[in-house]
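A.B. asks: Below: one structure in structure tokens.
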Amino acid sequence: MKLSVSEFKEDYIAAIKGTSARQIEDTTPLERYNALGELMKDYIGNLWANTNKTYREEHSKQVYYFSMEFLTGKFLENNLTNLSIYDVVEQGLKELGISLDVLAEVEVDQGLGNGGLGRLAACFMDAMSSTSIPGHGCGIRYKNGLFEQRIIDGYQVEFPDRWLVNNNVWEYKRPNKAVIVKFNGRVDTYMDGDTLKFAHVDYDAVRAVPYDTPILGFENNTVNTLRLWSAEEIDDIFDFENFSRGNYLSAFEKKHSVEIITQILYPNDAYEEGKLLRLKQEYFFVSAGIQSIFTTFKKMGVPIEQFSEHIAMHINDTHPALAVPELMRILLDEEGLDWDMAWKITTSCISYTNHTIMSEALEKWPHFMMRDLLPRITMIIDEINRRFIESLKYVYLYTDEEKIHNMAIIKDGMVKMAHLAIVGSHSVNGVAKLHTEILKTKELKDFYNIYPTKFNNKTNGIMHRHWLLNANPDLTDYVEGLIGDGFKKNPIVLRDLLKYRDDKVVQNALFDIKHKNKENLAKFIYEKQGVKIDPYSIFDMQAKRIHEYKRQHLNILHVLSLYNKLKANPNLDIPPRTFIFAGKSAPSYYVAKQIIKLITTVADMINNDTSIKNKLKVVFLPNYGVSLASKMIPAADVSEQISTASKEASGTGNMKFMMNGAITLATLDGANIEIMNEVGENNIVLFGLKDQEVFKYYQDGSYNAYELYNTTPAIKQVVDQLVNGFLPAAKEEFAPIVDRLLRFNDEFFVLKDFESYCDAQERIGLYYRDKPHWMKMSLTNIACSGVFSADYTIEKYASSIWNINRKPLDFKL
Ligand code: 26V
């Protein structure tokens with residue numbers, strides 16, 4: 001938008017008065033931030049209203065992205081960038097004696113997600129707006145986001161994330177758009193003429209109130225909506241009788257039992273607990289979302305039979321899979337359609353993304369639990385299952401009972417959500433090429449055989465405008481100086497950088513930018529933790545959820561081995577290294593928490609050992625989230641993507657690091673393979689087992705971790721050090737980790753890949769010493785990262801799954 005510095009200052013002074021009723025010099029940073037937020041909302045408001053008006057008038061097909069998680073982080077800087085008023089606002093504030101950086105620090109992260117899946121949803125929201133696709137998010141407004149992680153005595157300790165204490169300036173509460181979601185009760189059937197009808201009666205009603213956040217596209221006037229639902233009490237739920245009898249507390253109990261639905265985000269990302277409250281959350285937002293979609297659809301005045309020509313619904317993993325029976329319920333019970341028509345509409349509308357093959361994370365619910373909580377929905381699932389089994393019997397000619405049993409939606413008293421999602425949608429996609437292949441040939445093979453055309457791949461992508469433009473402004477400016485600003489809208493243009501691959505001036509400039517980012521991070525780490533790190537050392541980072549399959553313990557075992565070498569020979573000539581870890585463990589995942597304790601224990605020992613002459617440092621940065629990632633990633637030299645091959649569906653951190661010029665140290669897993677294909681094998685450092693080898697070991701059981709440990713001194717040394725008193729920790733402290741490696745035969749092949757990983761680390765050291773070589777690799781990574789922009793991923797979803805055409809809006813502010 002067009003805005004001059006003086007116009008901005010005038011608007012801002014008025015906004016300060018309006019929001020805080022104080023003189024500008026008396027205001028706190030929070031008041032200044034809020035005033036700026038309100039002013040931005042004002043600027044955005046016109047565009048938003050106009051976008052909605054255009055969608056309505058043109059009957060544009062809308063897509064709704066249903067996700068339990070949206071890990072959006074902060075909005076301020078991104079909104080400034082997308083409105084292209086960043087510099088104007090920064091200057092205007094400066095003239096008023098206010099630092100934009102300080103205000104940006106005031107904003108708290110909206111951390112409504114666990115990890116990759118939630119962050120992907122946030123990147124997709126930006127990409128839909130930026131590519132002019134009418135796409136909206138639908139999710140839950142959790143009062144508490146993912147817990148705050150603190151490290152106390154080296155252990156992870158969880159604290160509540162009360163992100164709403166200072167209010168959230170970006171959202172609009174829309175009480176007039178509240179809907180009712182029904183739980184429990186029973187279903188009565190009756191005849192209406194000659195049709196059988198169903199009435200859900202004696203239910204508990206919960207009021208779902210939407211909070212809308214505008215999602216701005218980049219310089220294209222498009223503003224879509226992220227709608228998050230909050231459970232609130234209905235007036236008549238309040239028990240006046242109890243209250244007036246003096247039972248104050250119990251009078252509020254019912255209110256509490258309703259509001260608890262949206263109190264917390266479940267902090268697991270790889271383990272399904274099967275808790276009733278989680279099932280409530282899933283139905284709550286799906287039902288509210290679909291009801292509100294119907295309200296919008298009805299305003300179009302189009303016949304219901306054409307519903308799927310105007311609406312697409314995407315489910316992010318199986319968490320919103322109840323969208324299938326809920327859409328059926330509305331079409332059958334409220335719209336009066338027959339089953340076949342309702343089913344055709346439902347399956348044409350819904351599409352599903354699978355994000356993991358880890359069987360522990362596959363959702364299933366006890367049928368009895370679902371029947372009590374959602375009686376009508378469960379009836380519909382029963383019928384979907386019955387019909388599906390009938391069709392399978394036909395396909396398999398009644399011969400393959402076992403296969404039919406395994407594919408059923410309801411099996412052994414459990415409702416399998418992945419099966420429901422596959423049967424109820426027209427598209428099932430994986431998130432990287434290898435992942436999709438594994439789905440087709442292994443995990444979901446039986447489904448692929450009967451529905452081959454449903455399966456497709458959509459490799460993940462990232463919001464390059466956040467991870468490059470916002471997170472790394474110096475690199476962005478420099479790149480712009482070299483190749484122009486075309487990459488901001490069309491990031492594939494970053495490839496133009498390749499012509500500077502051997503240009504020493506460019507290499508040096510890129511080195512200096514990285515160095516400055518490293519100095520900034522070093523300063524941050526010193527202020528936070530008192531640990532001094534050397535910005536000339538290799539910054540090697542592993543930042544992601546802590547999980548055995550992601551193998552942070554492989555990384556720290558290598559650190560131990562390096563330490564041993566330095567202790568044996570303090571003059572060993574290696575480039576100094578700093579290993580930086582960050583990530584949260586699920587609170588109930590004991591071994592992952594012990595891995596954190598192991599990292600912090602090793603860090604304490606190494607950082608306090610002066611004999612190794614500062615050649616090695618280890619840091620664990622607490623509370624990894626979008627903001628911390630944005631500080632860390634621009635300062636990385638090495639990006640650790642070392643999951644057991646086949647286990648990481650895609651990874652998206654790998655793409656963010658690459659885009660900021662880090663060299664990927666990787667197994668051939670997830671999107672690492674596609675990164676390798678882009679940059680070429682010379683610009684990535686690979687090691688470890690391949691997926692087929694992993695599968696073979698699982699199949700023939702020929703891997704013997706204990707034998708490997710006994711026959712490989714390098715492995716034995718570091719594993720023993722975890723439990724032989726070498727580490728300053730109680731002797732039994734790390735026994736559970738050693739047990740997983742030896743007694744339980746190292747499920748994730750940490751020991752098997754150890755030597756290959758150490759070799760790869762040695763290569764990293766050699767390459768880094770050759771500065772022109774290293775900078776050439778780094779530049780190649782930046783140049784080839786454009787294909788991983790979420791803009792391209794979303795365009796593929798839109799054209800091949802949602803059947804939506806892009807239509808840029810021409811409204812100007
Ligand atoms: C799973 C579960 C299991 C039940 C309990 C609650 C819960 C919450 C979240 C999840 C999601 C786990 C799946 C996930 O995050 N997958 C990651 O998705 C990324 C985006 O596609 C991908 O890059 C990562 O490789 C994949 O691990």
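To be explicit about the labels: the chains of the structure tokens are called A, B, and onward in the order shown, and within each one the residues are counted from 1, while ligands get numbers from 1 in the order they are shown.
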Just the residues within 12 Å of Asn167 in chain A, please, counting only C-alpha atoms, with nothing from its chain fewer than 3 positions along; format it as a list in words.

C.D. replies: Leu30, Glu31, Tyr33, Asn34, Gly37, Val106, Glu107, Val108, Gln110, Lys143, Arg162, Trp163, Leu164, Trp170, Glu171, Tyr172 and Lys173 of chain A

A.B. asks: Would you output that residue set with all heavy atoms, as a short mmCIF file (atom, residue, chain, number, x, y, z; two decimals), in the first residue's frame?

C.D. replies:
data_model
loop_
_atom_site.label_atom_id
_atom_site.label_comp_id
_atom_site.auth_asym_id
_atom_site.auth_seq_id
_atom_site.Cartn_x
_atom_site.Cartn_y
_atom_site.Cartn_z
N LEU A 30 4.30 -2.02 25.41
CA LEU A 30 3.10 -2.82 25.10
C LEU A 30 2.02 -1.94 24.50
O LEU A 30 1.37 -2.30 23.50
CB LEU A 30 2.59 -3.53 26.37
CG LEU A 30 1.31 -4.34 26.19
CD1 LEU A 30 1.53 -5.50 25.20
CD2 LEU A 30 0.82 -4.90 27.53
N GLU A 31 1.82 -0.75 25.10
CA GLU A 31 0.80 0.16 24.55
C GLU A 31 1.17 0.62 23.14
O GLU A 31 0.31 0.74 22.26
CB GLU A 31 0.63 1.37 25.48
CG GLU A 31 -0.13 1.00 26.75
CD GLU A 31 -0.02 2.06 27.85
OE1 GLU A 31 1.02 2.75 27.92
OE2 GLU A 31 -0.97 2.18 28.63
N TYR A 33 2.99 -1.06 21.01
CA TYR A 33 2.81 -2.20 20.12
C TYR A 33 1.32 -2.37 19.79
O TYR A 33 0.94 -2.57 18.63
CB TYR A 33 3.38 -3.46 20.79
CG TYR A 33 2.84 -4.74 20.21
CD1 TYR A 33 3.30 -5.22 18.98
CD2 TYR A 33 1.84 -5.46 20.87
CE1 TYR A 33 2.78 -6.38 18.43
CE2 TYR A 33 1.32 -6.61 20.33
CZ TYR A 33 1.78 -7.07 19.11
OH TYR A 33 1.25 -8.21 18.56
N ASN A 34 0.48 -2.30 20.82
CA ASN A 34 -0.96 -2.47 20.58
C ASN A 34 -1.51 -1.39 19.65
O ASN A 34 -2.34 -1.67 18.78
CB ASN A 34 -1.73 -2.45 21.91
CG ASN A 34 -1.70 -3.82 22.57
OD1 ASN A 34 -1.64 -4.85 21.89
ND2 ASN A 34 -1.69 -3.83 23.90
N GLY A 37 -0.54 -2.30 16.22
CA GLY A 37 -1.38 -3.41 15.76
C GLY A 37 -2.75 -2.93 15.33
O GLY A 37 -3.25 -3.30 14.26
N VAL A 106 7.92 -7.19 21.77
CA VAL A 106 6.80 -7.23 22.72
C VAL A 106 5.78 -8.30 22.33
O VAL A 106 5.18 -8.95 23.19
CB VAL A 106 6.08 -5.85 22.77
CG1 VAL A 106 4.80 -5.93 23.59
CG2 VAL A 106 7.02 -4.79 23.34
N GLU A 107 5.63 -8.49 21.04
CA GLU A 107 4.62 -9.46 20.58
C GLU A 107 5.01 -10.85 21.07
O GLU A 107 6.17 -11.24 21.02
CB GLU A 107 4.55 -9.46 19.05
CG GLU A 107 3.50 -10.43 18.52
CD GLU A 107 3.19 -10.26 17.03
OE1 GLU A 107 3.85 -9.45 16.35
OE2 GLU A 107 2.27 -10.94 16.57
N VAL A 108 4.01 -11.62 21.55
CA VAL A 108 4.32 -13.00 21.95
C VAL A 108 3.94 -13.94 20.81
O VAL A 108 3.00 -13.68 20.06
CB VAL A 108 3.58 -13.45 23.24
CG1 VAL A 108 4.19 -12.83 24.47
CG2 VAL A 108 2.09 -13.16 23.16
N GLN A 110 2.29 -16.77 18.76
CA GLN A 110 1.07 -17.56 18.80
C GLN A 110 1.53 -18.99 18.54
O GLN A 110 1.79 -19.38 17.39
CB GLN A 110 0.11 -17.04 17.71
CG GLN A 110 -1.27 -17.64 17.78
CD GLN A 110 -2.29 -16.81 16.99
OE1 GLN A 110 -2.26 -15.59 16.98
NE2 GLN A 110 -3.19 -17.49 16.31
N LYS A 143 -6.50 -21.59 24.76
CA LYS A 143 -6.11 -20.53 25.69
C LYS A 143 -4.65 -20.69 26.09
O LYS A 143 -3.97 -19.72 26.41
CB LYS A 143 -6.98 -20.60 26.96
CG LYS A 143 -8.38 -20.09 26.74
CD LYS A 143 -8.77 -19.03 27.78
CE LYS A 143 -10.06 -18.34 27.41
NZ LYS A 143 -11.21 -19.27 27.50
N ARG A 162 0.73 -18.87 28.59
CA ARG A 162 -0.47 -18.02 28.65
C ARG A 162 -0.33 -16.87 27.66
O ARG A 162 -0.17 -15.72 28.04
CB ARG A 162 -0.65 -17.48 30.07
CG ARG A 162 -0.80 -18.57 31.11
CD ARG A 162 -1.24 -17.96 32.45
NE ARG A 162 -0.88 -18.79 33.58
CZ ARG A 162 -1.51 -19.91 33.93
NH1 ARG A 162 -2.53 -20.34 33.23
NH2 ARG A 162 -1.12 -20.60 34.98
N TRP A 163 -0.42 -17.22 26.41
CA TRP A 163 -0.10 -16.24 25.37
C TRP A 163 -1.15 -15.13 25.27
O TRP A 163 -0.88 -14.10 24.66
CB TRP A 163 0.05 -16.95 24.02
CG TRP A 163 -1.23 -17.51 23.48
CD1 TRP A 163 -1.92 -18.58 23.95
CD2 TRP A 163 -1.98 -17.02 22.35
NE1 TRP A 163 -3.04 -18.81 23.21
CE2 TRP A 163 -3.10 -17.86 22.21
CE3 TRP A 163 -1.79 -15.99 21.44
CZ2 TRP A 163 -4.05 -17.68 21.20
CZ3 TRP A 163 -2.73 -15.81 20.44
CH2 TRP A 163 -3.85 -16.65 20.33
N LEU A 164 -2.31 -15.32 25.91
CA LEU A 164 -3.37 -14.32 25.76
C LEU A 164 -3.42 -13.29 26.88
O LEU A 164 -4.28 -12.42 26.88
CB LEU A 164 -4.73 -15.03 25.66
CG LEU A 164 -4.98 -15.70 24.30
CD1 LEU A 164 -6.17 -16.66 24.40
CD2 LEU A 164 -5.24 -14.65 23.22
N TRP A 170 -4.37 -9.03 17.03
CA TRP A 170 -4.67 -9.36 15.62
C TRP A 170 -6.03 -9.99 15.39
O TRP A 170 -6.49 -10.14 14.27
CB TRP A 170 -3.57 -10.28 15.06
CG TRP A 170 -2.23 -9.64 15.17
CD1 TRP A 170 -1.24 -9.98 16.04
CD2 TRP A 170 -1.76 -8.50 14.44
NE1 TRP A 170 -0.17 -9.12 15.90
CE2 TRP A 170 -0.47 -8.22 14.92
CE3 TRP A 170 -2.30 -7.70 13.43
CZ2 TRP A 170 0.30 -7.16 14.42
CZ3 TRP A 170 -1.55 -6.66 12.93
CH2 TRP A 170 -0.27 -6.39 13.43
N GLU A 171 -6.68 -10.45 16.50
CA GLU A 171 -7.91 -11.21 16.29
C GLU A 171 -9.17 -10.34 16.45
O GLU A 171 -9.15 -9.31 17.12
CB GLU A 171 -7.98 -12.38 17.27
CG GLU A 171 -8.16 -11.93 18.71
CD GLU A 171 -8.04 -13.06 19.74
OE1 GLU A 171 -7.67 -14.19 19.39
OE2 GLU A 171 -8.33 -12.77 20.91
N TYR A 172 -10.24 -10.78 15.81
CA TYR A 172 -11.57 -10.18 15.98
C TYR A 172 -12.49 -11.25 16.52
O TYR A 172 -12.67 -12.28 15.87
CB TYR A 172 -12.15 -9.73 14.64
CG TYR A 172 -11.48 -8.55 14.00
CD1 TYR A 172 -10.28 -8.69 13.30
CD2 TYR A 172 -12.08 -7.27 14.06
CE1 TYR A 172 -9.68 -7.61 12.69
CE2 TYR A 172 -11.48 -6.18 13.44
CZ TYR A 172 -10.28 -6.35 12.76
OH TYR A 172 -9.68 -5.28 12.14
N LYS A 173 -13.07 -10.98 17.68
CA LYS A 173 -14.07 -11.93 18.19
C LYS A 173 -15.38 -11.67 17.45
O LYS A 173 -15.77 -10.52 17.27
CB LYS A 173 -14.26 -11.71 19.69
CG LYS A 173 -15.23 -12.64 20.34
CD LYS A 173 -15.29 -12.44 21.85
CE LYS A 173 -16.27 -13.41 22.48
NZ LYS A 173 -16.27 -13.35 23.94
#

A.B. asks: Which residues of chain A come within 6 Å of ligand 1, and what is each one's closest atom pair and distance in Å (one decimal), counting only C-alpha atoms and all ligand atoms, sorted by chain and residue number, as a Markdown table?

C.D. replies:
| residue | atom | partner | partner_atom_place_in_ligand_line | distance |
| --- | --- | --- | --- | --- |
| A:Gly115 | CA | ligand 1 | 15 (O) | 5.6 |
| A:Gly116 | CA | ligand 1 | 19 (C) | 3.9 |
| A:Leu117 | CA | ligand 1 | 18 (O) | 4.0 |
| A:Leu120 | CA | ligand 1 | 20 (C) | 5.6 |
| A:Asn268 | CA | ligand 1 | 6 (C) | 4.8 |
| A:Asp269 | CA | ligand 1 | 9 (C) | 3.9 |
| A:Ala270 | CA | ligand 1 | 3 (C) | 4.8 |
| A:Tyr271 | CA | ligand 1 | 3 (C) | 4.8 |
| A:Glu272 | CA | ligand 1 | 4 (C) | 3.7 |
| A:His355 | CA | ligand 1 | 16 (N) | 4.5 |
| A:Thr356 | CA | ligand 1 | 13 (C) | 5.2 |
| A:Ala361 | CA | ligand 1 | 3 (C) | 4.2 |
| A:Val431 | CA | ligand 1 | 21 (O) | 5.5 |
| A:Glu648 | CA | ligand 1 | 25 (O) | 4.4 |
| A:Ala649 | CA | ligand 1 | 25 (O) | 3.9 |
| A:Ser650 | CA | ligand 1 | 25 (O) | 3.9 |
| A:Gly651 | CA | ligand 1 | 23 (O) | 3.3 |
| A:Thr652 | CA | ligand 1 | 23 (O) | 4.9 |

A.B. asks: Among range 510-579 of chain A, which residues carry a DSSP assignment of strand (DSSP E or B), reported as an mmCIF file with all heavy atoms, in the first residue's frame?

C.D. replies:
data_model
loop_
_atom_site.group_PDB
_atom_site.id
_atom_site.type_symbol
_atom_site.label_atom_id
_atom_site.label_comp_id
_atom_site.auth_asym_id
_atom_site.auth_seq_id
_atom_site.Cartn_x
_atom_site.Cartn_y
_atom_site.Cartn_z
ATOM 1 N N ILE A 538 32.368 -23.427 13.699
ATOM 2 C CA ILE A 538 31.260 -23.914 12.857
ATOM 3 C C ILE A 538 30.009 -23.979 13.732
ATOM 4 O O ILE A 538 30.008 -24.666 14.756
ATOM 5 C CB ILE A 538 31.558 -25.329 12.321
ATOM 6 C CG1 ILE A 538 32.854 -25.343 11.520
ATOM 7 C CG2 ILE A 538 30.392 -25.846 11.493
ATOM 8 C CD1 ILE A 538 33.265 -26.741 11.032
ATOM 9 N N PHE A 539 28.964 -23.278 13.332
ATOM 10 C CA PHE A 539 27.700 -23.360 14.075
ATOM 11 C C PHE A 539 26.884 -24.514 13.487
ATOM 12 O O PHE A 539 26.340 -24.400 12.389
ATOM 13 C CB PHE A 539 26.905 -22.043 13.974
ATOM 14 C CG PHE A 539 27.373 -20.967 14.920
ATOM 15 C CD1 PHE A 539 28.644 -21.002 15.495
ATOM 16 C CD2 PHE A 539 26.526 -19.900 15.248
ATOM 17 C CE1 PHE A 539 29.077 -20.006 16.370
ATOM 18 C CE2 PHE A 539 26.938 -18.893 16.125
ATOM 19 C CZ PHE A 539 28.215 -18.942 16.687
ATOM 20 N N ASP A 540 26.816 -25.571 14.260
ATOM 21 C CA ASP A 540 26.171 -26.799 13.801
ATOM 22 C C ASP A 540 24.866 -26.938 14.592
ATOM 23 O O ASP A 540 24.894 -26.988 15.818
ATOM 24 C CB ASP A 540 27.153 -27.953 14.086
ATOM 25 C CG ASP A 540 26.606 -29.313 13.728
ATOM 26 O OD1 ASP A 540 25.459 -29.607 14.089
ATOM 27 O OD2 ASP A 540 27.355 -30.102 13.117
ATOM 28 N N MET A 541 23.733 -26.958 13.911
ATOM 29 C CA MET A 541 22.460 -26.880 14.654
ATOM 30 C C MET A 541 21.525 -28.049 14.397
ATOM 31 O O MET A 541 21.353 -28.476 13.257
ATOM 32 C CB MET A 541 21.704 -25.611 14.261
ATOM 33 C CG MET A 541 22.462 -24.346 14.573
ATOM 34 S SD MET A 541 21.402 -22.904 14.372
ATOM 35 C CE MET A 541 22.637 -21.614 14.493
ATOM 36 N N GLN A 542 20.928 -28.502 15.483
ATOM 37 C CA GLN A 542 19.819 -29.448 15.353
ATOM 38 C C GLN A 542 18.644 -28.865 16.132
ATOM 39 O O GLN A 542 18.658 -28.810 17.361
ATOM 40 C CB GLN A 542 20.203 -30.844 15.877
ATOM 41 C CG GLN A 542 19.129 -31.866 15.539
ATOM 42 C CD GLN A 542 19.541 -33.308 15.815
ATOM 43 O OE1 GLN A 542 20.540 -33.564 16.496
ATOM 44 N NE2 GLN A 542 18.767 -34.251 15.307
ATOM 45 N N ALA A 543 17.655 -28.396 15.422
ATOM 46 C CA ALA A 543 16.531 -27.697 16.056
ATOM 47 C C ALA A 543 15.233 -28.316 15.556
ATOM 48 O O ALA A 543 14.881 -28.168 14.384
ATOM 49 C CB ALA A 543 16.584 -26.213 15.710
ATOM 50 N N ARG A 577 34.255 -25.961 16.832
ATOM 51 C CA ARG A 577 32.834 -26.216 16.540
ATOM 52 C C ARG A 577 31.940 -25.861 17.716
ATOM 53 O O ARG A 577 32.312 -26.083 18.872
ATOM 54 C CB ARG A 577 32.612 -27.690 16.258
ATOM 55 C CG ARG A 577 33.177 -28.143 14.948
ATOM 56 C CD ARG A 577 33.118 -29.649 14.906
ATOM 57 N NE ARG A 577 33.792 -30.146 13.745
ATOM 58 C CZ ARG A 577 33.174 -30.746 12.726
ATOM 59 N NH1 ARG A 577 31.887 -30.938 12.743
ATOM 60 N NH2 ARG A 577 33.868 -31.170 11.689
ATOM 61 N N THR A 578 30.775 -25.361 17.383
ATOM 62 C CA THR A 578 29.738 -25.134 18.387
ATOM 63 C C THR A 578 28.511 -25.932 17.972
ATOM 64 O O THR A 578 27.986 -25.736 16.875
ATOM 65 C CB THR A 578 29.376 -23.638 18.459
ATOM 66 O OG1 THR A 578 30.569 -22.900 18.712
ATOM 67 C CG2 THR A 578 28.360 -23.379 19.557
ATOM 68 N N PHE A 579 28.098 -26.840 18.826
ATOM 69 C CA PHE A 579 26.902 -27.632 18.547
ATOM 70 C C PHE A 579 25.728 -27.016 19.294
ATOM 71 O O PHE A 579 25.773 -26.879 20.522
ATOM 72 C CB PHE A 579 27.118 -29.087 18.965
ATOM 73 C CG PHE A 579 28.120 -29.787 18.091
ATOM 74 C CD1 PHE A 579 29.475 -29.782 18.397
ATOM 75 C CD2 PHE A 579 27.716 -30.413 16.919
ATOM 76 C CE1 PHE A 579 30.401 -30.402 17.571
ATOM 77 C CE2 PHE A 579 28.627 -31.033 16.081
ATOM 78 C CZ PHE A 579 29.980 -31.023 16.409
#

A.B. asks: Would you list the contacts of range 658-669 of chain A as a PyMOL selection string, taking every protein, DNA or RNA residue within 9 Å and counting only C-alpha atoms, but skipping same-chain residues closer than 5 positions in sequence?

C.D. replies: chain A and resi 434-435+464+467-468+472+475+510+514+540+633-651+653+675-676+683-691+757+760-761+764+774-775+777-786+788

A.B. asks: From a DSSP calculation on the backbone, collect every residue of range 450-693 of chain A in alpha helix (DSSP H) and output the set as a PyMOL selection string.

C.D. replies: chain A and resi 450+464+473-483+486-489+504-529+552-568+590-607+626-632+653-659+672-679+691-693

A.B. asks: Just the number, please: distance in Å from CA of Glu733 in chain A to CA of Gln717 in chain A, one decimal.

C.D. replies: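 Going from CA of Glu733 in chain A over to CA of Gln717 in chain A covers 17.4 Å.
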
A.B. asks: Write out as a PyMOL selection string which residues come within 9 Å of range 54-59 of chain A when counting only C-alpha atoms, dropping same-chain ones fewer than 4 positions away.

C.D. replies: chain A and resi 49-50+134+296+299-300+310+809

A.B. asks: With a distance cut-off of 10 Å and only C-alpha atoms, select the neighbouring residues of Pro175 in chain A, excluding the residue or stretch itself and same-chain residues fewer than 3 positions from it, and output the selection as a ChimeraX atom specification.

C.D. replies: /A:172,178-179,207-211

A.B. asks: How far is it from CA of Asp446 in chain A to CA of Thr399 in chain A, in Å with one decimal?

C.D. replies: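 Spanning CA of Asp446 in chain A to CA of Thr399 in chain A is a straight-line distance of 14.8 Å.
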
A.B. asks: Using CA of Leu560 in chain A and CA of Val602 in chain A as the two end points, give the distance in Å to one decimal.

C.D. replies: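 Going from CA of Leu560 in chain A over to CA of Val602 in chain A, I get 7.5 Å.
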
A.B. asks: Any idea what's packed within 10 Å of range 248-263 of chain A, counting only C-alpha atoms, ignoring anything in its chain fewer than 2 positions away? Could you give it as an MDAnalysis selection string?

C.D. replies: chainID A and resid 140:145 204:208 229:235 237:246 265:266 277:282 284:285

A.B. asks: Can I get the selected residues back with C-alpha atoms, as a PDB file, in the first residue's frame?

C.D. replies:
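Output contents, as saved in out.pdb:
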ATOM      1  CA  ILE A 140      -8.934 -24.044  17.707  1.00  0.00           C
ATOM      2  CA  ARG A 141      -8.160 -20.962  19.754  1.00  0.00           C
ATOM      3  CA  TYR A 142      -6.390 -22.716  22.613  1.00  0.00           C
ATOM      4  CA  LYS A 143      -6.107 -20.533  25.695  1.00  0.00           C
ATOM      5  CA  ASN A 144      -2.763 -22.188  26.367  1.00  0.00           C
ATOM      6  CA  GLY A 145      -0.458 -22.898  23.460  1.00  0.00           C
ATOM      7  CA  ASP A 204     -25.218 -31.063  25.839  1.00  0.00           C
ATOM      8  CA  ALA A 205     -24.890 -27.863  23.851  1.00  0.00           C
ATOM      9  CA  VAL A 206     -21.595 -26.035  23.629  1.00  0.00           C
ATOM     10  CA  ARG A 207     -21.304 -22.582  22.142  1.00  0.00           C
ATOM     11  CA  ALA A 208     -18.483 -22.219  19.624  1.00  0.00           C
ATOM     12  CA  TRP A 229     -12.962 -21.451  17.600  1.00  0.00           C
ATOM     13  CA  SER A 230     -13.319 -21.014  21.316  1.00  0.00           C
ATOM     14  CA  ALA A 231     -15.714 -22.977  23.540  1.00  0.00           C
ATOM     15  CA  GLU A 232     -17.772 -20.677  25.700  1.00  0.00           C
ATOM     16  CA  GLU A 233     -20.675 -21.164  28.016  1.00  0.00           C
ATOM     17  CA  ILE A 234     -24.235 -20.726  26.887  1.00  0.00           C
ATOM     18  CA  ASP A 235     -26.224 -18.461  29.204  1.00  0.00           C
ATOM     19  CA  ILE A 237     -25.899 -23.535  31.045  1.00  0.00           C
ATOM     20  CA  PHE A 238     -25.208 -21.492  34.135  1.00  0.00           C
ATOM     21  CA  ASP A 239     -26.909 -23.179  37.014  1.00  0.00           C
ATOM     22  CA  PHE A 240     -28.883 -20.360  38.689  1.00  0.00           C
ATOM     23  CA  GLU A 241     -30.703 -22.663  41.030  1.00  0.00           C
ATOM     24  CA  ASN A 242     -27.496 -24.040  42.423  1.00  0.00           C
ATOM     25  CA  PHE A 243     -26.028 -20.555  42.577  1.00  0.00           C
ATOM     26  CA  SER A 244     -28.930 -19.099  44.535  1.00  0.00           C
ATOM     27  CA  ARG A 245     -28.789 -22.030  46.950  1.00  0.00           C
ATOM     28  CA  GLY A 246     -25.295 -20.910  47.794  1.00  0.00           C
ATOM     29  CA  LEU A 265      -3.178 -27.870  23.072  1.00  0.00           C
ATOM     30  CA  TYR A 266      -2.148 -31.499  23.545  1.00  0.00           C
ATOM     31  CA  LEU A 277     -11.115 -34.365  25.762  1.00  0.00           C
ATOM     32  CA  ARG A 278      -9.013 -34.576  22.617  1.00  0.00           C
ATOM     33  CA  LEU A 279     -11.893 -36.281  20.774  1.00  0.00           C
ATOM     34  CA  LYS A 280     -14.162 -33.471  21.985  1.00  0.00           C
ATOM     35  CA  GLN A 281     -11.736 -30.894  20.616  1.00  0.00           C
ATOM     36  CA  GLU A 282     -11.651 -32.641  17.265  1.00  0.00           C
ATOM     37  CA  PHE A 284     -15.849 -29.278  18.311  1.00  0.00           C
ATOM     38  CA  PHE A 285     -13.875 -27.349  15.722  1.00  0.00           C
TER      39      PHE A 285
END
